[in-house]
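Chemist: Here it is, the structure in full.
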There are 2 protein chains.
Amino acid sequence: MTRSAPPPGNLDAPATTVDEALDRVRRNGGRVTSSRRFLLRALFTAGGHRTAEELAAEVQDQAPDVHLSTIYRNLEELERLGVIVHAHLGHGPATYHLASAAHGHFVCEVCGTMIEAPDQLFGGLARTAKTEFSFTIDPHHFAVLGRCARCS
Amino acid sequence: MTRSAPPPGNLDAPATTVDEALDRVRRNGGRVTSSRRFLLRALFTAGGHRTAEELAAEVQDQAPDVHLSTIYRNLEELERLGVIVHAHLGHGPATYHLASAAHGHFVCEVCGTMIEAPDQLFGGLARTAKTEFSFTIDPHHFAVLGRCARCS
DNA sequence: GTCGATGCAAACGTTTTGCACACTG
DNA sequence: CAGTGTGCAAAACGTTTGCATCGAC
């Protein structure tokens, strides 16, 4: 989470703390509930790519009654507010992480290993997709599948 | 296995006719059934990206009793034999097409428009993924999401 | 008190599986 | 006749939704 230099040209910069995210929820007409606080705490700690089910388990450690459907509804809301994003890393459930940590993914279709791909790797593809097809790629949303070193 | 005009550099070249594909099924210990023949006919005619459900509908036009689960089982077998491949074009059902027609995809995450992406567009990404991460990308399996001209 | 959020159960869409029967080779 | 393929129903899986109630502001 790079604090010092805020991402350029983004009016709605990603929230960097739980409270900042909750403020944003409130400013958008939402309520600050304990489910949301727990979910945000889970999202802001230990990072990584976690599924709704994994996040639910973490939240339920502290608040056992929080239902999976609440997790899904809150994840949707937090994504709408730009606090988090989700990515599809192949078959199986989507994974969620902080918007500030967005990046591309390479996923091995044999063993499932995931490699975080720096954005500049996609520069060339982004450019040609744009000039040849007027298509603006979003390299974060779906992983690029393939084979890792061990499996190819 | 390799017939008159095999595509270059591929030991197990994609079948180019229904009967060739059925031969391959038989050679691998499978049986030639009418479900399989109808499914292959559907796959070999009119091309395009079709979901299991769409293929089932086409098959059922001629053989109403063929069940969707049979379609799925046969698609799996045909993919194992290298006759077809499937691709994920975003959320929603997978699409199937002949292995010989494999290509990449750009899919608009707003309107769903799909653009077929020539393989050479992925050359740069393939090269850097390989040299920097020893990762061999498969640009066909999952679409690259983004925004089309109208939606961006 | 208003209105948004929650728990729960039930539905959803896609795909897989267990089983008894039918068919191919 | 052996063993693969099939129809059907049911389950599996991740996710969404309807509804009555609860809780934040």
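Ordered as shown in the structure tokens, chains take letters A, B, and onward, while each chain numbers its residues from 1 and ligands are numbered from 1 in the order shown.
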Give me, as a compact mmCIF listing (two decimals) with C-alpha atoms, in the first residue's frame, the contact residues of chain A against chain D at a cut-off of 9 Å, counting only C-alpha atoms (C1' of nucleotides).

Modeler:
```
# COMPACT_ATOMS: atom_id res chain seq x y z
CA ARG A 31 -24.55 2.52 7.40
CA VAL A 32 -21.56 1.54 9.44
CA THR A 33 -22.29 -1.91 10.78
CA SER A 69 -24.88 -13.64 1.94
CA TYR A 72 -21.41 -11.11 -0.67
CA GLY A 92 -13.62 -21.72 -9.06
CA PRO A 93 -14.66 -18.84 -6.87
CA ALA A 94 -13.73 -15.20 -7.43
```

Chemist: Based on only C-alpha atoms (C1' of nucleotides), which of the residues in chain C come within 10 Å of chain B? I want them as an NGL selection string.

Modeler: :C and (13-17 or 23-25)

Chemist: Near chain B, which residues of chain A fall within 12 Å when you count only C-alpha atoms, and what do they look like as number ranges by chain?

Modeler: A: 87-94, 104-110, 113-152

Chemist: Just to confirm, what's the straight-line distance from CA of Leu78 in chain A to CA of Ala57 in chain A in Å (one decimal)?

Modeler: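 These atoms are spaced 18.2 Å apart.
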
Chemist: Least-squares superposition of chain B on chain A, all Cα atoms, in-order pairing: what RMSD comes out, in Å?

Modeler: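 Between these identical-sequence chains, the C-alpha RMSD is 2.2 Å.
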
Chemist: Set the distance at 10 Å and use only C-alpha atoms (C1' of nucleotides): which residues neighbour Ser35 in chain B once local chain neighbours fewer than 5 positions away are removed? I'd like the list as an MDAnalysis selection string.

Modeler: (chainID B and resid 40:41 56 59:60 62:63 65:67 70:71 74) or (chainID D and resid 5:6)

Chemist: Based on the backbone DSSP call, show me all residues of range 30-152 of chain B assigned alpha helix (DSSP H), as a VMD selection string.

Modeler: chain B and resid 34 to 44 52 to 62 68 to 80 123 to 133

Chemist: Please indicate the distance in Å from CA of Glu20 in chain A to C1' of DT2 in chain C, rounded to one decimal place.

Modeler: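 So the answer is 25.8 Å.
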
Chemist: Near Arg37 in chain A, counting only C-alpha atoms (C1' of nucleotides), which residues have an atom at most 9 Å away, once you skip same-chain residues fewer than 6 positions from it, shown as a list in words?

Modeler: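 So, after excluding close chain neighbours, the residues are Val18, Asp19 and Leu22 of chain A.
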
Chemist: Could you pull out all residues of chain B with a DSSP call of strand (DSSP E) and give them as number ranges by chain?

Modeler: B: 84-87, 95-98, 104-108, 114-117, 136-137, 144-147

Chemist: Grab the CA of Glu76 in chain A to C1' of DA10 in chain C distance for me, in Å with one decimal place.

Modeler: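 Separation between CA of Glu76 in chain A and C1' of DA10 in chain C: 20.7 Å.
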
Chemist: List the neighbours of His86 in chain B out to 9 Å using only C-alpha atoms (C1' of nucleotides); skip same-chain residues closer than 3 positions along the sequence, and give me the result as a ChimeraX atom specification.

Modeler: /B:49,75,79,94-99,102,140-141
